[in-house]
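Undergrad: The structure file model.cif (mmCIF, C-alpha atoms) is provided below.
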```cif
data_upload
loop_
_atom_site.label_atom_id
_atom_site.label_comp_id
_atom_site.auth_asym_id
_atom_site.auth_seq_id
_atom_site.Cartn_x
_atom_site.Cartn_y
_atom_site.Cartn_z
CA MET A 1 26.54 16.10 35.37
CA LYS A 2 26.54 18.87 32.74
CA PHE A 3 26.50 18.36 28.99
CA SER A 4 27.58 20.78 26.29
CA LEU A 5 25.15 21.72 23.56
CA GLY A 6 27.10 19.58 21.09
CA ALA A 7 26.90 16.57 23.39
CA LEU A 8 23.17 17.00 23.83
CA VAL A 9 22.70 17.14 20.06
CA ALA A 10 24.79 13.97 19.69
CA LEU A 11 22.68 12.20 22.32
CA TRP A 12 19.51 13.25 20.51
CA LEU A 13 20.83 11.90 17.22
CA CYS A 14 21.58 8.57 18.87
CA SER A 15 18.10 8.45 20.35
CA VAL A 16 16.51 8.70 16.90
CA GLY A 17 18.81 6.10 15.44
CA GLY A 18 21.05 8.39 13.43
CA ALA A 19 18.50 10.47 11.55
CA PHE A 20 21.10 11.94 9.22
CA ALA A 21 22.52 8.65 7.98
CA GLN A 22 21.76 9.62 4.37
CA GLY A 23 23.67 12.22 2.37
CA ALA A 24 25.05 13.06 -1.05
CA GLY A 25 26.58 10.23 -3.01
CA THR A 26 28.95 10.31 -5.96
CA LEU A 27 27.59 9.85 -9.49
CA THR A 28 30.20 8.58 -11.96
CA PRO A 29 29.77 7.93 -15.72
CA VAL A 30 30.80 4.43 -16.81
CA ALA A 31 30.76 2.60 -20.15
CA ASP A 32 27.21 1.29 -19.80
CA GLY A 33 25.59 4.02 -17.71
CA PHE A 34 26.53 5.48 -14.33
CA THR A 35 27.38 4.37 -10.83
CA TRP A 36 26.12 6.02 -7.66
CA THR A 37 28.19 5.41 -4.52
CA ARG A 38 27.88 6.44 -0.91
CA GLY A 39 30.01 4.72 1.68
CA ALA A 40 29.57 0.95 1.48
CA HIS A 41 26.66 1.16 -0.96
CA SER A 42 27.02 1.31 -4.73
CA PHE A 43 24.32 1.08 -7.39
CA HIS A 44 24.84 0.63 -11.11
CA LEU A 45 22.56 2.76 -13.27
CA ARG A 46 22.79 0.36 -16.18
CA ASN A 47 21.69 0.98 -19.74
CA ARG A 48 19.31 -1.66 -20.99
CA THR A 49 16.63 -1.06 -23.65
CA LYS A 50 17.31 2.67 -23.22
CA ASP A 51 20.40 4.62 -22.18
CA TRP A 52 20.47 6.73 -19.06
CA THR A 53 20.78 10.40 -19.96
CA ALA A 54 22.71 12.76 -17.70
CA ALA A 55 19.43 14.47 -16.72
CA GLU A 56 17.79 11.15 -15.81
CA ALA A 57 20.83 10.05 -13.81
CA ALA A 58 20.68 13.35 -11.95
CA LYS A 59 17.06 12.64 -10.98
CA MET A 60 18.10 9.22 -9.70
CA LYS A 61 20.98 10.77 -7.74
CA TYR A 62 18.55 13.25 -6.19
CA ALA A 63 16.38 10.35 -4.98
CA LEU A 64 19.21 8.16 -3.72
CA ASP A 65 20.86 11.06 -1.89
CA LEU A 66 17.69 11.58 0.16
CA LEU A 67 17.23 7.92 1.16
CA PRO A 68 18.94 6.32 4.20
CA ASP A 69 21.69 3.72 4.32
CA VAL A 70 19.45 1.47 6.43
CA LEU A 71 17.18 1.02 3.39
CA PHE A 72 20.12 0.33 1.07
CA GLU A 73 21.43 -2.38 3.37
CA TYR A 74 18.60 -4.69 2.31
CA ALA A 75 19.50 -4.19 -1.35
CA THR A 76 23.22 -4.64 -0.76
CA ASN A 77 22.65 -7.86 1.22
CA LEU A 78 20.45 -9.26 -1.55
CA LYS A 79 22.82 -7.93 -4.25
CA VAL A 80 20.01 -5.89 -5.83
CA THR A 81 22.38 -3.24 -7.12
CA GLN A 82 21.35 -2.75 -10.76
CA LEU A 83 19.04 0.17 -11.50
CA ARG A 84 18.15 -0.57 -15.09
CA ARG A 85 16.94 1.90 -17.70
CA ASP A 86 14.17 0.47 -19.86
CA ASP A 87 11.61 1.93 -22.21
CA VAL A 88 8.97 -0.10 -20.36
CA PRO A 89 9.87 -1.69 -17.00
CA ARG A 90 10.79 -5.38 -17.26
CA LYS A 91 9.23 -7.89 -14.90
CA ARG A 92 10.67 -11.35 -14.32
CA PHE A 93 8.96 -12.44 -17.53
CA GLY A 94 7.88 -9.78 -20.00
CA LEU A 95 6.88 -6.14 -19.77
CA LYS A 96 5.07 -4.25 -17.06
CA SER A 97 2.69 -2.50 -19.43
CA ASN A 98 1.88 1.10 -18.49
CA GLY A 99 4.17 0.72 -15.47
CA ILE A 100 6.71 3.21 -14.23
CA ALA A 101 9.04 0.83 -12.34
CA THR A 102 9.28 -2.72 -11.07
CA THR A 103 11.57 -4.68 -8.76
CA VAL A 104 12.80 -8.19 -9.54
CA VAL A 105 14.75 -9.27 -6.48
CA ASP A 106 15.83 -12.72 -7.68
CA HIS A 107 17.29 -11.17 -10.87
CA LYS A 108 19.00 -8.43 -8.83
CA TRP A 109 17.49 -5.41 -10.54
CA ILE A 110 15.03 -2.56 -10.32
CA SER A 111 13.77 -1.50 -13.73
CA PHE A 112 12.75 2.11 -14.45
CA GLY A 113 10.80 3.15 -17.55
CA ASP A 114 10.04 6.20 -19.67
CA LEU A 115 6.81 7.03 -17.87
CA LEU A 116 8.69 7.62 -14.63
CA LEU A 117 11.83 9.35 -15.87
CA GLN A 118 9.83 11.92 -17.80
CA ARG A 119 8.40 13.10 -14.47
CA PRO A 120 9.89 15.68 -12.07
CA GLU A 121 12.66 14.56 -9.73
CA GLN A 122 10.35 14.58 -6.71
CA GLN A 123 8.07 12.01 -8.32
CA VAL A 124 11.14 9.90 -9.12
CA TYR A 125 12.13 10.14 -5.45
CA PHE A 126 8.74 8.80 -4.32
CA THR A 127 8.97 5.84 -6.71
CA VAL A 128 12.57 4.98 -5.83
CA ALA A 129 11.61 4.87 -2.14
CA HIS A 130 8.68 2.59 -3.02
CA GLU A 131 10.82 0.17 -5.03
CA PHE A 132 13.45 -0.08 -2.30
CA GLY A 133 10.52 -0.83 0.00
CA HIS A 134 9.87 -3.98 -2.02
CA VAL A 135 13.51 -4.98 -1.59
CA ALA A 136 13.28 -4.37 2.16
CA GLN A 137 10.32 -6.72 2.47
CA TYR A 138 12.34 -9.53 0.90
CA GLY A 139 15.41 -8.57 2.88
CA LEU A 140 13.66 -8.94 6.22
CA THR A 141 13.48 -12.71 5.84
CA GLY A 142 17.26 -12.96 5.57
CA LYS A 143 16.89 -15.65 2.92
CA SER A 144 17.36 -16.00 -0.82
CA ALA A 145 14.71 -14.41 -3.01
CA ILE A 146 13.01 -17.73 -3.84
CA PHE A 147 12.62 -18.75 -0.19
CA ALA A 148 11.77 -15.19 0.79
CA THR A 149 8.90 -15.24 -1.70
CA ALA A 150 7.49 -18.38 -0.11
CA GLU A 151 7.87 -17.01 3.40
CA ILE A 152 6.28 -13.70 2.50
CA MET A 153 3.29 -15.55 1.00
CA LEU A 154 2.92 -17.70 4.08
CA ARG A 155 3.61 -15.18 6.79
CA GLY A 156 3.62 -11.75 5.19
CA ILE A 157 6.74 -10.93 7.26
CA PRO A 158 6.34 -11.44 11.02
CA ALA A 159 3.34 -9.40 12.21
CA TRP A 160 3.04 -7.38 8.98
CA GLY A 161 0.37 -9.50 7.33
CA THR A 162 -1.89 -9.29 10.37
CA ILE A 163 -2.20 -5.49 10.54
CA SER A 164 -4.55 -4.92 7.58
CA TRP A 165 -4.87 -8.31 5.93
CA SER A 166 -7.13 -11.17 6.92
CA SER A 167 -5.54 -13.38 4.25
CA ILE A 168 -2.35 -12.38 2.47
CA THR A 169 -2.56 -15.34 0.11
CA LEU A 170 -6.11 -14.51 -0.99
CA GLY A 171 -5.78 -10.76 -0.57
CA GLY A 172 -8.43 -10.47 2.11
CA LEU A 173 -8.76 -7.11 3.87
CA ARG A 174 -9.65 -6.50 7.49
CA GLN A 175 -11.00 -3.07 6.53
CA PHE A 176 -10.49 -0.36 3.91
CA ASN A 177 -8.95 2.20 6.25
CA GLY A 178 -5.38 1.96 7.50
CA PHE A 179 -3.81 2.35 4.03
CA VAL A 180 -1.84 5.34 2.73
CA SER A 181 -3.14 4.96 -0.83
CA ASN A 182 -5.65 3.07 -2.94
CA TYR A 183 -2.69 1.27 -4.53
CA ALA A 184 -1.63 -0.02 -1.10
CA ARG A 185 -4.90 -1.98 -0.96
CA THR A 186 -3.80 -4.02 -4.01
CA ASN A 187 -1.90 -6.60 -1.94
CA HIS A 188 0.36 -6.80 1.11
CA ARG A 189 3.49 -6.21 -1.00
CA GLU A 190 2.27 -2.87 -2.36
CA ASP A 191 0.98 -1.99 1.10
CA PHE A 192 4.47 -2.62 2.49
CA ALA A 193 6.25 -0.61 -0.21
CA GLU A 194 3.81 2.31 0.05
CA SER A 195 4.25 2.32 3.84
CA VAL A 196 8.05 2.41 3.45
CA GLU A 197 7.66 5.37 1.10
CA PHE A 198 5.42 7.31 3.47
CA TYR A 199 7.40 6.45 6.59
CA TRP A 200 10.44 8.15 5.12
CA ILE A 201 8.86 10.94 3.06
CA ASN A 202 5.91 11.99 5.25
CA PRO A 203 5.93 9.96 8.48
CA ALA A 204 3.18 12.06 10.06
CA GLU A 205 0.78 10.83 7.38
CA LEU A 206 1.61 7.17 7.97
CA LEU A 207 1.18 7.72 11.70
CA ARG A 208 -2.22 9.33 11.07
CA VAL A 209 -3.39 6.49 8.84
CA SER A 210 -2.02 3.58 10.85
CA PRO A 211 -0.03 3.86 14.09
CA GLN A 212 0.63 0.11 13.89
CA LYS A 213 2.23 0.38 10.47
CA TYR A 214 4.22 3.42 11.53
CA GLN A 215 5.59 1.51 14.54
CA PHE A 216 6.38 -1.55 12.42
CA MET A 217 8.25 0.57 9.88
CA ARG A 218 10.19 2.46 12.51
CA THR A 219 11.31 -0.45 14.67
CA THR A 220 11.43 -3.43 12.28
CA VAL A 221 12.25 -1.95 8.87
CA PHE A 222 14.15 1.27 9.55
CA LYS A 223 15.72 0.18 12.86
CA ASN A 224 14.67 3.42 14.57
CA VAL A 225 16.18 5.65 11.91
CA VAL A 226 13.89 8.60 11.26
CA SER A 227 13.90 10.95 8.31
CA PRO A 228 15.23 14.51 8.62
CA THR A 229 13.15 17.39 7.33
CA THR A 230 15.43 17.58 4.27
CA SER A 231 14.11 14.17 3.17
CA GLN A 232 10.46 14.89 3.95
CA VAL A 233 7.80 16.24 1.61
CA PRO A 234 4.81 17.45 3.66
CA THR A 235 2.66 17.82 0.54
CA HIS A 236 2.93 14.08 -0.14
CA VAL A 237 -0.30 13.15 1.63
CA ALA A 238 -2.13 9.89 2.21
CA ILE A 239 -5.77 9.23 1.39
CA GLN A 240 -8.54 10.19 3.78
CA PRO A 241 -10.68 7.70 5.75
CA VAL A 242 -13.63 6.12 3.96
CA LEU A 243 -17.03 4.79 4.97
CA PRO A 244 -19.14 2.19 3.16
CA THR A 245 -21.33 3.94 0.61
CA ILE A 246 -24.64 2.77 -0.88
CA GLN A 247 -25.04 3.90 -4.48
CA SER A 248 -28.16 2.00 -5.51
CA LEU A 249 -30.59 -0.79 -4.62
CA SER A 250 -31.92 -3.25 -7.18
CA LYS A 251 -35.38 -2.64 -5.64
CA THR A 252 -36.53 0.34 -3.62
CA ARG A 253 -39.87 -1.24 -2.71
CA ALA A 254 -40.37 -4.91 -1.90
CA GLY A 255 -41.90 -7.32 0.59
CA SER A 256 -40.29 -9.26 3.39
CA PHE A 257 -37.90 -12.04 2.29
CA SER A 258 -37.42 -10.45 -1.14
CA ILE A 259 -33.90 -10.42 -2.56
CA VAL A 260 -32.35 -6.97 -2.96
CA ARG A 261 -28.91 -6.24 -4.36
CA VAL A 262 -27.10 -3.42 -2.59
CA ARG A 263 -24.49 -1.74 -4.78
CA GLY A 264 -21.88 0.72 -3.60
CA GLU A 265 -18.28 1.02 -2.48
CA TYR A 266 -16.07 -0.09 0.38
CA PHE A 267 -18.05 -3.20 1.27
CA MET A 268 -16.30 -6.29 2.59
CA GLY A 269 -15.89 -9.01 -0.05
CA PHE A 270 -16.24 -12.75 0.49
CA LYS A 271 -12.46 -13.12 0.96
CA ASP A 272 -12.23 -10.34 3.53
CA GLY A 273 -12.03 -10.71 7.28
CA GLY A 274 -14.40 -7.85 8.00
CA ARG A 275 -18.15 -8.36 7.85
CA ASN A 276 -21.06 -6.42 6.37
CA ARG A 277 -24.07 -5.75 8.55
CA VAL A 278 -27.02 -4.66 6.42
CA GLU A 279 -30.07 -3.32 8.21
CA TYR A 280 -33.57 -2.46 7.01
CA ARG A 281 -35.21 -0.11 9.49
CA GLN A 282 -32.46 -1.11 11.96
CA LYS A 283 -33.32 -4.79 11.58
CA LYS A 284 -30.48 -7.05 10.48
CA ALA A 285 -30.81 -8.75 7.10
CA LEU A 286 -29.31 -11.99 5.90
CA THR A 287 -26.46 -11.08 3.50
CA LEU A 288 -24.13 -12.63 0.95
CA PRO A 289 -21.20 -10.52 -0.31
CA LEU A 290 -20.68 -11.00 -4.04
CA THR A 291 -17.89 -8.44 -4.45
CA ARG A 292 -16.56 -5.42 -2.56
CA LYS A 293 -19.21 -3.42 -4.43
CA THR A 294 -22.23 -5.71 -4.35
CA ILE A 295 -24.04 -7.40 -1.47
CA LEU A 296 -27.00 -9.74 -1.92
CA THR A 297 -29.54 -9.23 0.87
CA TRP A 298 -32.81 -10.82 1.97
CA VAL A 299 -35.27 -8.30 3.33
CA PRO A 300 -36.10 -9.23 6.94
CA SER A 301 -39.65 -9.61 8.19
CA LEU A 302 -40.99 -6.06 8.38
CA SER A 303 -44.31 -4.32 8.67
CA PRO A 304 -45.17 -2.13 5.68
CA GLY A 305 -43.64 1.33 5.57
CA GLN A 306 -40.35 3.13 5.18
CA ALA A 307 -37.34 0.90 5.99
CA PRO A 308 -34.08 2.83 5.33
CA VAL A 309 -31.15 0.58 4.40
CA THR A 310 -27.66 0.95 5.90
CA VAL A 311 -24.44 -1.04 5.56
CA GLU A 312 -21.99 -1.24 8.46
CA THR A 313 -18.43 -2.57 8.12
CA PRO A 314 -15.32 -2.32 10.33
CA ASP A 315 -14.84 1.14 8.77
CA GLY A 316 -18.19 2.47 10.02
CA LYS A 317 -21.78 2.87 8.87
CA SER A 318 -23.07 4.20 5.55
CA ALA A 319 -25.69 6.86 5.06
CA ALA A 320 -29.19 5.43 4.76
CA ALA A 321 -30.70 4.62 1.37
CA PRO A 322 -34.50 4.95 0.95
CA PHE A 323 -36.45 1.71 0.86
CA GLU A 324 -40.13 0.88 1.39
CA SER A 325 -41.34 -2.40 2.83
CA LYS A 326 -44.64 -3.56 1.40
CA LYS A 327 -46.98 -6.38 2.33
CA PRO A 328 -46.12 -9.53 0.34
CA TRP A 329 -48.76 -10.57 -2.22
CA TRP A 330 -49.28 -13.85 -0.40
CA LYS A 331 -49.91 -12.30 3.02
CA PHE A 332 -53.62 -11.75 3.76
CA TRP A 333 -53.42 -10.66 7.41
#
```
Would you mind giving the structure from this file in structure tokens?
TA:
Amino acid sequence: MKFSLGALVALWLCSVGGAFAQGAGTLTPVADGFTWTRGAHSFHLRNRTKDWTAAEAAKMKYALDLLPDVLFEYATNLKVTQLRRDDVPRKRFGLKSNGIATTVVDHKWISFGDLLLQRPEQQVYFTVAHEFGHVAQYGLTGKSAIFATAEIMLRGIPAWGTISWSSITLGGLRQFNGFVSNYARTNHREDFAESVEFYWINPAELLRVSPQKYQFMRTTVFKNVVSPTTSQVPTHVAIQPVLPTIQSLSKTRAGSFSIVRVRGEYFMGFKDGGRNRVEYRQKKALTLPLTRKTILTWVPSLSPGQAPVTVETPDGKSAAAPFESKKPWWKFW
């Protein structure tokens, strides 16, 4: 059976889930702001503590035009259709100080502030994708916002909370790698929204950072819709992998069984699922994580001499820090 070139292109589009589902919408001035409409989806750019200017509305149109209908379906189903203009973004109760945007699903709005709308349109695009990512996480439960909140806390969306989080209620990490940004490590909600943003805007970076998250976004969130090159920004890159790093020791010379604080970065905290393995001269020490930057260690039984210290986590092993083991004052043999 032979296919024409047009038919082959159509088959390819079906195979990627309709990659070009997004497109230009219509921006219309109304009494209290603007409306943006594309097909079945309509969002009200509503004046609140500030009024939308024509230039700001154009930035919002630029962002919405580049995003797919599959992402807007979550917002439409939850009736989150107000894109509010505030001086400072409004949370459920009070201000989001120094914030650029915030999503309040149960009140049906996404609030955008001065700090965002003063930025270039590309930065607005990134943030709009992120905020609709929050809506998508609620929308996946198929329940009202109140019940969705409870289910997200308990389950983190089916399979999502188990990829990088050992405890989504306590904020425990499995490891520091596997995140597109430092902000994504804040909690599973920001991790989800940041992953939505990167899946659509630079999917190769999400795939590099976490194939599991890429697959979850593609199949579960975006329903196999992939972004066209017109929606992608290759310069929007994720963070690079990290290793645990020792910055200082409370003692650089001590006897066996002494207590030494190891300070640094990217250690596993007491709430985290990963573990720290601290070694002195390749001999494991008893440890107690105080924070993700401080580990309390007991020097193992060692003969006197150099005993370099390393910390190993699920992310890998740190460079060695100099340490000298000395004979304890009470040891006479």
Undergrad: For a quick check of understanding, using only C-alpha atoms, which of A:Ala254, A:Val237, A:Leu71, A:Met60 has the smallest distance to A:Pro120?
TA: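 Ranking A:Ala254, A:Val237, A:Leu71, A:Met60 by distance to A:Pro120, first place goes to A:Met60.
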Undergrad: From the options A:Gly25, A:Gly39, A:Pro322, A:Pro241, which residue's atoms come nearest to A:Tyr266, counting all atoms listed in the file?
TA: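 Closest candidate: A:Pro241.
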Undergrad: Which residues, written as a PDB file with C-alpha atoms, keeping the file's coordinate frame, have at least one atom at most 10 Å from A:Thr313, with all atoms listed in the file counted and residues fewer than 3 positions away on the same chain left out?
TA:
```pdb
ATOM      1  CA  ARG A 174      -9.650  -6.500   7.490  1.00  0.00           C
ATOM      2  CA  GLN A 175     -11.000  -3.070   6.530  1.00  0.00           C
ATOM      3  CA  PHE A 176     -10.490  -0.360   3.910  1.00  0.00           C
ATOM      4  CA  LEU A 243     -17.030   4.790   4.970  1.00  0.00           C
ATOM      5  CA  PRO A 244     -19.140   2.190   3.160  1.00  0.00           C
ATOM      6  CA  TYR A 266     -16.070  -0.090   0.380  1.00  0.00           C
ATOM      7  CA  PHE A 267     -18.050  -3.200   1.270  1.00  0.00           C
ATOM      8  CA  MET A 268     -16.300  -6.290   2.590  1.00  0.00           C
ATOM      9  CA  GLY A 274     -14.400  -7.850   8.000  1.00  0.00           C
ATOM     10  CA  ARG A 275     -18.150  -8.360   7.850  1.00  0.00           C
ATOM     11  CA  ASN A 276     -21.060  -6.420   6.370  1.00  0.00           C
ATOM     12  CA  ARG A 277     -24.070  -5.750   8.550  1.00  0.00           C
ATOM     13  CA  VAL A 278     -27.020  -4.660   6.420  1.00  0.00           C
ATOM     14  CA  GLY A 316     -18.190   2.470  10.020  1.00  0.00           C
ATOM     15  CA  LYS A 317     -21.780   2.870   8.870  1.00  0.00           C
ATOM     16  CA  SER A 318     -23.070   4.200   5.550  1.00  0.00           C
TER      17      SER A 318
END
```
Undergrad: Evaluate the PyMOL selection byres ((chain A and resi 294) around 7) and record the selected residues as a list in words, following the chain and residue labels used in the document.
TA: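 Residues picked by the PyMOL selection byres ((chain A and resi 294) around 7): Arg261, Val262, Arg263, Gly264, Pro289, Leu290, Thr291, Arg292, Lys293, Ile295 and Leu296 of chain A.
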Undergrad: Which residue gives the smallest distance to A:Tyr125 among A:Ala75, A:Ile201, A:Ile100, A:Ile110, with all atoms listed in the file counted?
TA: A:Ile201
Undergrad: Please determine, counting only C-alpha atoms, which residue among A:Gly133, A:Thr35, A:Val311, A:Pro211 has the shortest atom-to-atom distance to A:His188.
TA: A:Gly133
Undergrad: Fewer than 2 positions away in the same chain doesn't count, so skip those; otherwise give me all residues within 6 Å of stretch 112-116 of chain A, counting all atoms listed in the file, as a ChimeraX atom specification.
TA: /A:85-89,100-101,118-119
Undergrad: Could you write out the selected residues, including C-alpha atoms, as a PDB file, keeping the file's coordinate frame?
TA:
```
ATOM      1  CA  ARG A  85      16.940   1.900 -17.700  1.00  0.00           C
ATOM      2  CA  ASP A  86      14.170   0.470 -19.860  1.00  0.00           C
ATOM      3  CA  ASP A  87      11.610   1.930 -22.210  1.00  0.00           C
ATOM      4  CA  VAL A  88       8.970  -0.100 -20.360  1.00  0.00           C
ATOM      5  CA  PRO A  89       9.870  -1.690 -17.000  1.00  0.00           C
ATOM      6  CA  ILE A 100       6.710   3.210 -14.230  1.00  0.00           C
ATOM      7  CA  ALA A 101       9.040   0.830 -12.340  1.00  0.00           C
ATOM      8  CA  GLN A 118       9.830  11.920 -17.800  1.00  0.00           C
ATOM      9  CA  ARG A 119       8.400  13.100 -14.470  1.00  0.00           C
TER      10      ARG A 119
END
```
Undergrad: If you measure from atom CA of A:Val242 to atom CA of A:Arg185, what distance in Å do you get, rounded to one decimal?
TA: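 These atoms are spaced 12.9 Å apart.
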Undergrad: Apply the PyMOL selection byres ((chain A and resi 68) around 9) to the displayed file and report the matching residues as an MDAnalysis selection string.
TA: chainID A and resid 19:23 64:67 69:72 200 222 225:227
Undergrad: For C-alpha atoms, I'd like the residues from the last selection saved as an mmCIF file, in the coordinates of the input.
TA:
```cif
data_model
loop_
_atom_site.group_PDB
_atom_site.id
_atom_site.type_symbol
_atom_site.label_atom_id
_atom_site.label_comp_id
_atom_site.auth_asym_id
_atom_site.auth_seq_id
_atom_site.Cartn_x
_atom_site.Cartn_y
_atom_site.Cartn_z
ATOM 1 C CA ALA A 19 18.500 10.470 11.550
ATOM 2 C CA PHE A 20 21.100 11.940 9.220
ATOM 3 C CA ALA A 21 22.520 8.650 7.980
ATOM 4 C CA GLN A 22 21.760 9.620 4.370
ATOM 5 C CA GLY A 23 23.670 12.220 2.370
ATOM 6 C CA LEU A 64 19.210 8.160 -3.720
ATOM 7 C CA ASP A 65 20.860 11.060 -1.890
ATOM 8 C CA LEU A 66 17.690 11.580 0.160
ATOM 9 C CA LEU A 67 17.230 7.920 1.160
ATOM 10 C CA ASP A 69 21.690 3.720 4.320
ATOM 11 C CA VAL A 70 19.450 1.470 6.430
ATOM 12 C CA LEU A 71 17.180 1.020 3.390
ATOM 13 C CA PHE A 72 20.120 0.330 1.070
ATOM 14 C CA TRP A 200 10.440 8.150 5.120
ATOM 15 C CA PHE A 222 14.150 1.270 9.550
ATOM 16 C CA VAL A 225 16.180 5.650 11.910
ATOM 17 C CA VAL A 226 13.890 8.600 11.260
ATOM 18 C CA SER A 227 13.900 10.950 8.310
#
```
